[in-house]
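Peer 1: Pasting a structure below so you can have a look.
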Amino acid sequence: MAAITGVVITLNEADNIEACLASLQRVCDELIVVDSKSHDDTVARAERFGARVIHQPYLGDGPQKNVGPRAASHRWVLSLDADERLADEAVAAIQALDLDAGSHDGYALRRRNFIGSRWVRHCGWYPDYCIRLYDRDRTEFSDSRQHASVQARHPKRLDADLEHYSFTNLGELFSKASGRFSNRAAKIMYLKGKRANALSPAVHGANAFMRKYLFQRGFLGGLDGLSVALSAAVNAYLKYAKLLEFQRDATVRDAEDFDRIW
C-alpha cells in the first residue's frame, strides 16, 4: 500500500477532530490539520493525536483544502471534513488499492449523510459520490470558495462508503440552512457579481423544494425527507433574499464583512 497523507480543515471542531483523525489513521501515515483560528480545543487535540497543524486564516473551501496537500510528504492525499469518517469497507477498499501502479488520479467514495444517527437515503443525499483520495501531483481541489471538489480527470468509484455526520438534529439542519450556509452563499454570489430580482428568492426556494422532495424522491424519506426538502428551500430562498438585500440596502451591505466567508 502506498503512503497516504490525511488532511482535514478545521474551525472549532473539538467535538469531531479526534474521531476524524482516528478514522484517517487507519490508512494514513501522516496527518495534517489546517486550522482557521479555532478558539476551542481543536488544535490541542489534533496535536495530541500526532497531527501536524498548519495555521491558515480561511481562504474559501477549495483554496483552504489545497493548503494541506501542498505541505504533504506523500503524493497521495486523503481529504476528509472533520465530521466525516471512513466506514470499515472504505478502509478495506483503500488498503487493497495499488495506487502507484494504477492509472487513476482520484478515487471517489459514496457518502452516507446523517441527521443525528439517521442515514438519509433520499433527496440526493445518497450515494453522493465525492472524490476524497487523490494524487496531489496530478490534481487538486477547484478554486471555488464554496462546495469545491477534486478536479480529477481519471477518477474511479470505489464500492465503499464515507459517513458524514453534518447535522446533530433537525434543529441544526434548519439553523445551518438559514444561517451560516445561506449567508456564505449570498456573500460569494455578491462578490462574483451575481444579482437577484424580486422574484429570485421565491423561484429558487420553490425549485429547491421540488427538486429535493419530488425529483430526488424525498417523499420516500418520511419526516427526514420532508425536512431536508424544506431546509433546502429555506436555504435557497434566503441566500437570494440576502443577495437582494446586499444590492438594495447599503447599511446592511456595509455592515457585512465580505472577507469572512466561513
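By order in the C-alpha cells, chains are A, B, ...; within a chain, residues start at 1; ligands start at 1, following the order shown.
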Which residues come within 10 Å of A:Leu220, counting only C-alpha atoms, excluding same-chain residues fewer than 5 positions away, as a list in words?

Peer 2: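 Once the nearby chain positions are removed, what remains is Arg121, His122, Cys123, Tyr213, Leu214, Gly225 and Leu226 of chain A.
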
Peer 1: If you keep N, CA and C atoms, can you produce a file of those selected residues as a CSV table (one decimal), in the first residue's frame?

Peer 2:
```csv
chain,number,residue,atom,x,y,z
A,121,ARG,N,-31.3,8.4,2.9
A,121,ARG,CA,-31.0,7.8,1.7
A,121,ARG,C,-31.6,8.5,0.4
A,122,HIS,N,-32.5,9.4,0.7
A,122,HIS,CA,-33.2,10.1,-0.5
A,122,HIS,C,-32.7,11.6,-0.6
A,123,CYS,N,-33.5,12.4,-1.3
A,123,CYS,CA,-33.2,13.8,-1.5
A,123,CYS,C,-31.9,14.1,-2.2
A,213,TYR,N,-37.8,17.1,-3.0
A,213,TYR,CA,-38.9,16.3,-2.5
A,213,TYR,C,-39.6,15.4,-3.6
A,214,LEU,N,-39.6,15.9,-4.8
A,214,LEU,CA,-40.2,15.1,-5.9
A,214,LEU,C,-39.2,14.4,-6.7
A,225,GLY,N,-37.0,13.2,5.0
A,225,GLY,CA,-37.0,13.6,3.6
A,225,GLY,C,-37.7,14.9,3.5
A,226,LEU,N,-38.9,15.1,4.1
A,226,LEU,CA,-39.6,16.4,4.0
A,226,LEU,C,-38.7,17.5,4.6
```

Peer 1: List the neighbours of stretch 127-143 of chain A out to 7 Å using only C-alpha atoms; skip same-chain residues closer than 6 positions along the sequence, and give me the result as a list in words.

Peer 2: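 That gives Gly62, Pro63, Lys65, Asn66, Pro69, Arg75, Trp76, Val77, Leu78, Ser79, Leu80, Asp105, Gly106, Tyr107, Ala108, Leu109, Arg110, Arg111, Arg112, Ser149, Val150, Gln151 and Ala152 of chain A.
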
Peer 1: Measuring atom to atom with only C-alpha atoms, identify which of A:Glu172, A:Trp125, A:Asn235, A:Leu244 is nearest to A:Lys212.

Peer 2: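 Between A:Glu172, A:Trp125, A:Asn235, A:Leu244, the residue approaching A:Lys212 most closely is A:Trp125.
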
Peer 1: If we count only C-alpha atoms and set the cut-off at 12 Å, which residues sit around A:Ala82, ignoring sequence neighbours fewer than 6 positions away in its own chain? Please answer as a PDB file with C-alpha atoms, in the first residue's frame.

Peer 2:
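File produced: around24.pdb:
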```pdb
ATOM      1  CA  GLY A   6      -4.595  12.537   5.632  1.00  0.00           C
ATOM      2  CA  VAL A   7      -5.734  16.174   5.565  1.00  0.00           C
ATOM      3  CA  VAL A   8      -8.554  17.930   7.460  1.00  0.00           C
ATOM      4  CA  ILE A   9      -9.541  21.610   7.519  1.00  0.00           C
ATOM      5  CA  THR A  10     -10.987  22.846  10.807  1.00  0.00           C
ATOM      6  CA  LEU A  11     -12.654  25.707  12.608  1.00  0.00           C
ATOM      7  CA  ASN A  12     -13.815  24.918  16.152  1.00  0.00           C
ATOM      8  CA  GLU A  13     -14.093  21.165  15.579  1.00  0.00           C
ATOM      9  CA  ALA A  14     -13.030  19.963  19.047  1.00  0.00           C
ATOM     10  CA  ASP A  15     -16.021  17.606  19.230  1.00  0.00           C
ATOM     11  CA  ASN A  16     -15.168  15.967  15.894  1.00  0.00           C
ATOM     12  CA  ILE A  17     -11.447  16.135  15.251  1.00  0.00           C
ATOM     13  CA  GLU A  18     -10.280  13.115  17.253  1.00  0.00           C
ATOM     14  CA  ALA A  19     -12.787  10.708  15.691  1.00  0.00           C
ATOM     15  CA  CYS A  20     -11.938  12.052  12.237  1.00  0.00           C
ATOM     16  CA  LEU A  21      -8.188  11.659  12.768  1.00  0.00           C
ATOM     17  CA  ALA A  22      -8.675   8.175  14.206  1.00  0.00           C
ATOM     18  CA  SER A  23     -10.532   7.251  11.038  1.00  0.00           C
ATOM     19  CA  LEU A  24      -7.781   8.654   8.823  1.00  0.00           C
ATOM     20  CA  ILE A  32      -2.199  17.298   8.643  1.00  0.00           C
ATOM     21  CA  VAL A  33      -4.804  19.672  10.106  1.00  0.00           C
ATOM     22  CA  VAL A  34      -5.248  23.102   8.512  1.00  0.00           C
ATOM     23  CA  ASP A  35      -6.897  25.247  11.179  1.00  0.00           C
ATOM     24  CA  THR A  42      -9.315  21.716  18.237  1.00  0.00           C
ATOM     25  CA  ALA A  46      -5.115  17.454  16.939  1.00  0.00           C
ATOM     26  CA  GLU A 163     -20.014   8.558   6.780  1.00  0.00           C
ATOM     27  CA  HIS A 164     -20.937  12.233   7.101  1.00  0.00           C
ATOM     28  CA  TYR A 165     -22.341  13.480  10.424  1.00  0.00           C
ATOM     29  CA  SER A 166     -23.050  17.073   9.484  1.00  0.00           C
TER      30      SER A 166
END
```

Peer 1: What lies within 10 Å of stretch 246-254 of chain A using only C-alpha atoms, ignoring chain neighbours under 5 positions off, as an NGL selection string?

Peer 2: :A and (186-187 or 190 or 194-197 or 240-241)

Peer 1: Just write the chosen residues, all heavy atoms, as a PDB file, in the first residue's frame.

Peer 2:
```
ATOM      1  N   ALA A 186     -24.712  33.818  -0.146  1.00  0.00           N
ATOM      2  CA  ALA A 186     -25.079  35.165  -0.592  1.00  0.00           C
ATOM      3  C   ALA A 186     -23.845  36.044  -0.763  1.00  0.00           C
ATOM      4  O   ALA A 186     -23.726  36.800  -1.731  1.00  0.00           O
ATOM      5  CB  ALA A 186     -26.053  35.801   0.406  1.00  0.00           C
ATOM      6  N   LYS A 187     -22.908  35.941   0.168  1.00  0.00           N
ATOM      7  CA  LYS A 187     -21.675  36.732   0.070  1.00  0.00           C
ATOM      8  C   LYS A 187     -20.880  36.349  -1.184  1.00  0.00           C
ATOM      9  O   LYS A 187     -20.388  37.209  -1.920  1.00  0.00           O
ATOM     10  CB  LYS A 187     -20.802  36.510   1.300  1.00  0.00           C
ATOM     11  CG  LYS A 187     -21.294  37.140   2.579  1.00  0.00           C
ATOM     12  CD  LYS A 187     -20.294  36.836   3.686  1.00  0.00           C
ATOM     13  CE  LYS A 187     -20.737  37.347   5.024  1.00  0.00           C
ATOM     14  NZ  LYS A 187     -19.744  37.027   6.078  1.00  0.00           N
ATOM     15  N   TYR A 190     -22.557  37.621  -4.310  1.00  0.00           N
ATOM     16  CA  TYR A 190     -22.399  39.072  -4.450  1.00  0.00           C
ATOM     17  C   TYR A 190     -20.995  39.421  -4.932  1.00  0.00           C
ATOM     18  O   TYR A 190     -20.820  40.263  -5.833  1.00  0.00           O
ATOM     19  CB  TYR A 190     -22.694  39.767  -3.122  1.00  0.00           C
ATOM     20  CG  TYR A 190     -22.680  41.269  -3.234  1.00  0.00           C
ATOM     21  CD1 TYR A 190     -23.785  41.953  -3.710  1.00  0.00           C
ATOM     22  CD2 TYR A 190     -21.538  41.987  -2.889  1.00  0.00           C
ATOM     23  CE1 TYR A 190     -23.773  43.332  -3.845  1.00  0.00           C
ATOM     24  CE2 TYR A 190     -21.511  43.365  -3.021  1.00  0.00           C
ATOM     25  CZ  TYR A 190     -22.629  44.041  -3.499  1.00  0.00           C
ATOM     26  OH  TYR A 190     -22.602  45.405  -3.633  1.00  0.00           O
ATOM     27  N   LYS A 194     -23.002  38.302  -9.144  1.00  0.00           N
ATOM     28  CA  LYS A 194     -24.350  37.807  -9.425  1.00  0.00           C
ATOM     29  C   LYS A 194     -25.375  38.720  -8.772  1.00  0.00           C
ATOM     30  O   LYS A 194     -25.137  39.287  -7.700  1.00  0.00           O
ATOM     31  CB  LYS A 194     -24.507  36.377  -8.914  1.00  0.00           C
ATOM     32  CG  LYS A 194     -23.647  35.366  -9.658  1.00  0.00           C
ATOM     33  CD  LYS A 194     -23.954  33.953  -9.208  1.00  0.00           C
ATOM     34  CE  LYS A 194     -23.122  32.945 -10.009  1.00  0.00           C
ATOM     35  NZ  LYS A 194     -23.409  31.549  -9.602  1.00  0.00           N
ATOM     36  N   ARG A 195     -26.529  38.858  -9.410  1.00  0.00           N
ATOM     37  CA  ARG A 195     -27.567  39.737  -8.899  1.00  0.00           C
ATOM     38  C   ARG A 195     -28.922  39.032  -8.914  1.00  0.00           C
ATOM     39  O   ARG A 195     -29.172  38.147  -9.734  1.00  0.00           O
ATOM     40  CB  ARG A 195     -27.630  41.026  -9.718  1.00  0.00           C
ATOM     41  CG  ARG A 195     -26.355  41.868  -9.615  1.00  0.00           C
ATOM     42  CD  ARG A 195     -26.125  42.341  -8.188  1.00  0.00           C
ATOM     43  NE  ARG A 195     -24.914  43.124  -8.034  1.00  0.00           N
ATOM     44  CZ  ARG A 195     -23.774  42.654  -7.525  1.00  0.00           C
ATOM     45  NH1 ARG A 195     -23.687  41.394  -7.144  1.00  0.00           N
ATOM     46  NH2 ARG A 195     -22.733  43.454  -7.397  1.00  0.00           N
ATOM     47  N   ALA A 196     -29.795  39.433  -7.985  1.00  0.00           N
ATOM     48  CA  ALA A 196     -31.124  38.846  -7.858  1.00  0.00           C
ATOM     49  C   ALA A 196     -32.172  39.917  -8.153  1.00  0.00           C
ATOM     50  O   ALA A 196     -31.892  41.114  -8.108  1.00  0.00           O
ATOM     51  CB  ALA A 196     -31.321  38.295  -6.446  1.00  0.00           C
ATOM     52  N   ASN A 197     -33.391  39.452  -8.448  1.00  0.00           N
ATOM     53  CA  ASN A 197     -34.520  40.371  -8.566  1.00  0.00           C
ATOM     54  C   ASN A 197     -35.585  39.963  -7.554  1.00  0.00           C
ATOM     55  O   ASN A 197     -35.388  39.024  -6.783  1.00  0.00           O
ATOM     56  CB  ASN A 197     -35.072  40.393  -9.995  1.00  0.00           C
ATOM     57  CG  ASN A 197     -35.519  39.011 -10.461  1.00  0.00           C
ATOM     58  OD1 ASN A 197     -36.248  38.311  -9.761  1.00  0.00           O
ATOM     59  ND2 ASN A 197     -35.080  38.613 -11.655  1.00  0.00           N
ATOM     60  N   TYR A 240     -30.886  34.039  -1.817  1.00  0.00           N
ATOM     61  CA  TYR A 240     -31.230  35.032  -2.833  1.00  0.00           C
ATOM     62  C   TYR A 240     -31.872  36.274  -2.210  1.00  0.00           C
ATOM     63  O   TYR A 240     -31.677  37.391  -2.702  1.00  0.00           O
ATOM     64  CB  TYR A 240     -32.140  34.420  -3.897  1.00  0.00           C
ATOM     65  CG  TYR A 240     -31.350  33.619  -4.895  1.00  0.00           C
ATOM     66  CD1 TYR A 240     -31.166  32.247  -4.734  1.00  0.00           C
ATOM     67  CD2 TYR A 240     -30.741  34.228  -5.985  1.00  0.00           C
ATOM     68  CE1 TYR A 240     -30.412  31.502  -5.628  1.00  0.00           C
ATOM     69  CE2 TYR A 240     -29.985  33.500  -6.895  1.00  0.00           C
ATOM     70  CZ  TYR A 240     -29.823  32.140  -6.708  1.00  0.00           C
ATOM     71  OH  TYR A 240     -29.069  31.410  -7.601  1.00  0.00           O
ATOM     72  N   ALA A 241     -32.599  36.074  -1.106  1.00  0.00           N
ATOM     73  CA  ALA A 241     -33.151  37.233  -0.407  1.00  0.00           C
ATOM     74  C   ALA A 241     -32.031  38.079   0.193  1.00  0.00           C
ATOM     75  O   ALA A 241     -32.072  39.319   0.140  1.00  0.00           O
ATOM     76  CB  ALA A 241     -34.109  36.769   0.689  1.00  0.00           C
TER      77      ALA A 241
END
```

Peer 1: Have a look at A:Ile188, A:Leu162, A:Ala51, A:Ala2 and name the one nearest to A:His147; count only C-alpha atoms.

Peer 2: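 For A:His147, the nearest of the candidates is A:Ile188.
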
Peer 1: Mind pulling up the distance from atom CA of A:Phe167 to atom CA of A:Met210?

Peer 2: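 Straight-line distance from atom CA of A:Met210 to atom CA of A:Phe167 works out to 21.9 Å.
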
Peer 1: Please give the complete set of residues from stretch 36-207 of chain A that DSSP, run on the backbone, assigns to strand (DSSP E or B), formatted as a PyMOL selection string.

Peer 2: chain A and resi 52-55+76-81+84-86+106-115+118-119+130-135+141+150+155-167

Peer 1: From the list A:Leu243, A:Asn113, A:Asp61, A:Gln95, which residue is nearest A:Leu158 when using only C-alpha atoms?

Peer 2: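 Ranking A:Leu243, A:Asn113, A:Asp61, A:Gln95 by distance to A:Leu158, first place goes to A:Gln95.
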
Peer 1: Based on DSSP run over this structure's backbone, return all residues of stretch 54-248 of chain A in alpha helix (DSSP H), as a compact mmCIF listing (two decimals) with C-alpha atoms, in the first residue's frame.

Peer 2:
```
# COMPACT_ATOMS: atom_id res chain seq x y z
CA ASP A 61 -13.39 25.96 0.63
CA GLY A 62 -11.20 24.95 -2.32
CA PRO A 63 -8.16 27.15 -1.63
CA GLN A 64 -8.20 26.11 2.04
CA LYS A 65 -8.36 22.41 1.19
CA VAL A 67 -3.09 24.17 1.68
CA GLY A 68 -2.52 20.86 3.47
CA PRO A 69 -1.79 18.72 0.39
CA ARG A 70 0.87 21.17 -0.78
CA ASP A 88 -14.97 -0.22 7.56
CA GLU A 89 -15.46 -1.19 3.91
CA ALA A 90 -13.81 2.08 2.84
CA VAL A 91 -10.75 1.26 4.92
CA ALA A 92 -10.56 -2.19 3.33
CA ALA A 93 -11.08 -0.81 -0.18
CA ILE A 94 -8.31 1.78 0.23
CA GLN A 95 -5.91 -0.75 1.73
CA LEU A 170 -33.35 18.61 12.74
CA GLY A 171 -32.94 21.94 14.51
CA GLU A 172 -29.34 22.16 13.35
CA LEU A 173 -30.37 21.19 9.82
CA PHE A 174 -32.60 24.28 9.65
CA SER A 175 -30.34 26.62 11.63
CA LYS A 176 -27.37 25.95 9.34
CA SER A 182 -27.20 30.99 3.21
CA ASN A 183 -25.01 33.85 4.48
CA ARG A 184 -21.91 32.34 2.92
CA ALA A 185 -23.65 31.64 -0.39
CA ALA A 186 -25.08 35.16 -0.59
CA LYS A 187 -21.67 36.73 0.07
CA ILE A 188 -19.97 34.58 -2.55
CA MET A 189 -22.64 35.34 -5.15
CA TYR A 190 -22.40 39.07 -4.45
CA LEU A 191 -18.60 39.04 -4.74
CA SER A 200 -35.49 35.23 -7.33
CA PRO A 201 -35.95 34.13 -3.68
CA ALA A 202 -39.39 32.58 -4.22
CA VAL A 203 -38.49 30.95 -7.54
CA HIS A 204 -35.26 29.41 -6.28
CA GLY A 205 -36.87 28.34 -3.00
CA ALA A 206 -39.73 26.58 -4.78
CA ASN A 207 -37.36 24.93 -7.26
CA ALA A 208 -35.16 23.62 -4.45
CA PHE A 209 -38.12 22.06 -2.67
CA MET A 210 -39.50 20.44 -5.83
CA GLY A 222 -40.73 10.40 5.69
CA LEU A 223 -40.19 13.30 8.07
CA ASP A 224 -36.46 13.46 7.40
CA GLY A 225 -37.04 13.61 3.65
CA LEU A 226 -39.59 16.40 4.04
CA SER A 227 -37.28 18.26 6.42
CA VAL A 228 -34.33 18.09 4.04
CA ALA A 229 -36.51 19.40 1.20
CA LEU A 230 -37.86 22.23 3.34
CA SER A 231 -34.39 23.18 4.61
CA ALA A 232 -33.12 23.25 1.02
CA ALA A 233 -36.00 25.58 0.14
CA VAL A 234 -35.24 27.83 3.13
CA ASN A 235 -31.57 27.94 2.19
CA ALA A 236 -32.28 28.78 -1.46
CA TYR A 237 -34.90 31.39 -0.57
CA LEU A 238 -32.69 33.13 2.00
CA LYS A 239 -29.47 33.19 0.00
CA TYR A 240 -31.23 35.03 -2.83
CA ALA A 241 -33.15 37.23 -0.41
CA LYS A 242 -29.89 38.16 1.32
CA LEU A 243 -28.21 38.77 -2.04
CA LEU A 244 -31.07 41.11 -2.95
CA GLU A 245 -30.69 42.83 0.40
CA PHE A 246 -26.99 43.44 -0.25
CA GLN A 247 -27.94 45.04 -3.57
CA ARG A 248 -30.67 47.25 -2.14
```

Peer 1: If I take atom CA of A:Gln216 and atom CA of A:Ser144, how far is one from the other in Å, to one decimal?

Peer 2: 25.1 Å

Peer 1: Between A:Leu97, A:Ala198, A:Ala72, A:Ala87, single out the one closest to A:Glu30, counting only C-alpha atoms.

Peer 2: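 Between A:Leu97, A:Ala198, A:Ala72, A:Ala87, the residue approaching A:Glu30 most closely is A:Ala72.
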
Peer 1: Identify which of the residues A:Ala44, A:Arg180, A:Asp161, A:Asp98 lies closest to A:Glu84, counting only C-alpha atoms when measuring atom-to-atom distances.

Peer 2: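 Checking each of A:Ala44, A:Arg180, A:Asp161, A:Asp98 against A:Glu84, counting only C-alpha atoms, the winner is A:Asp161.
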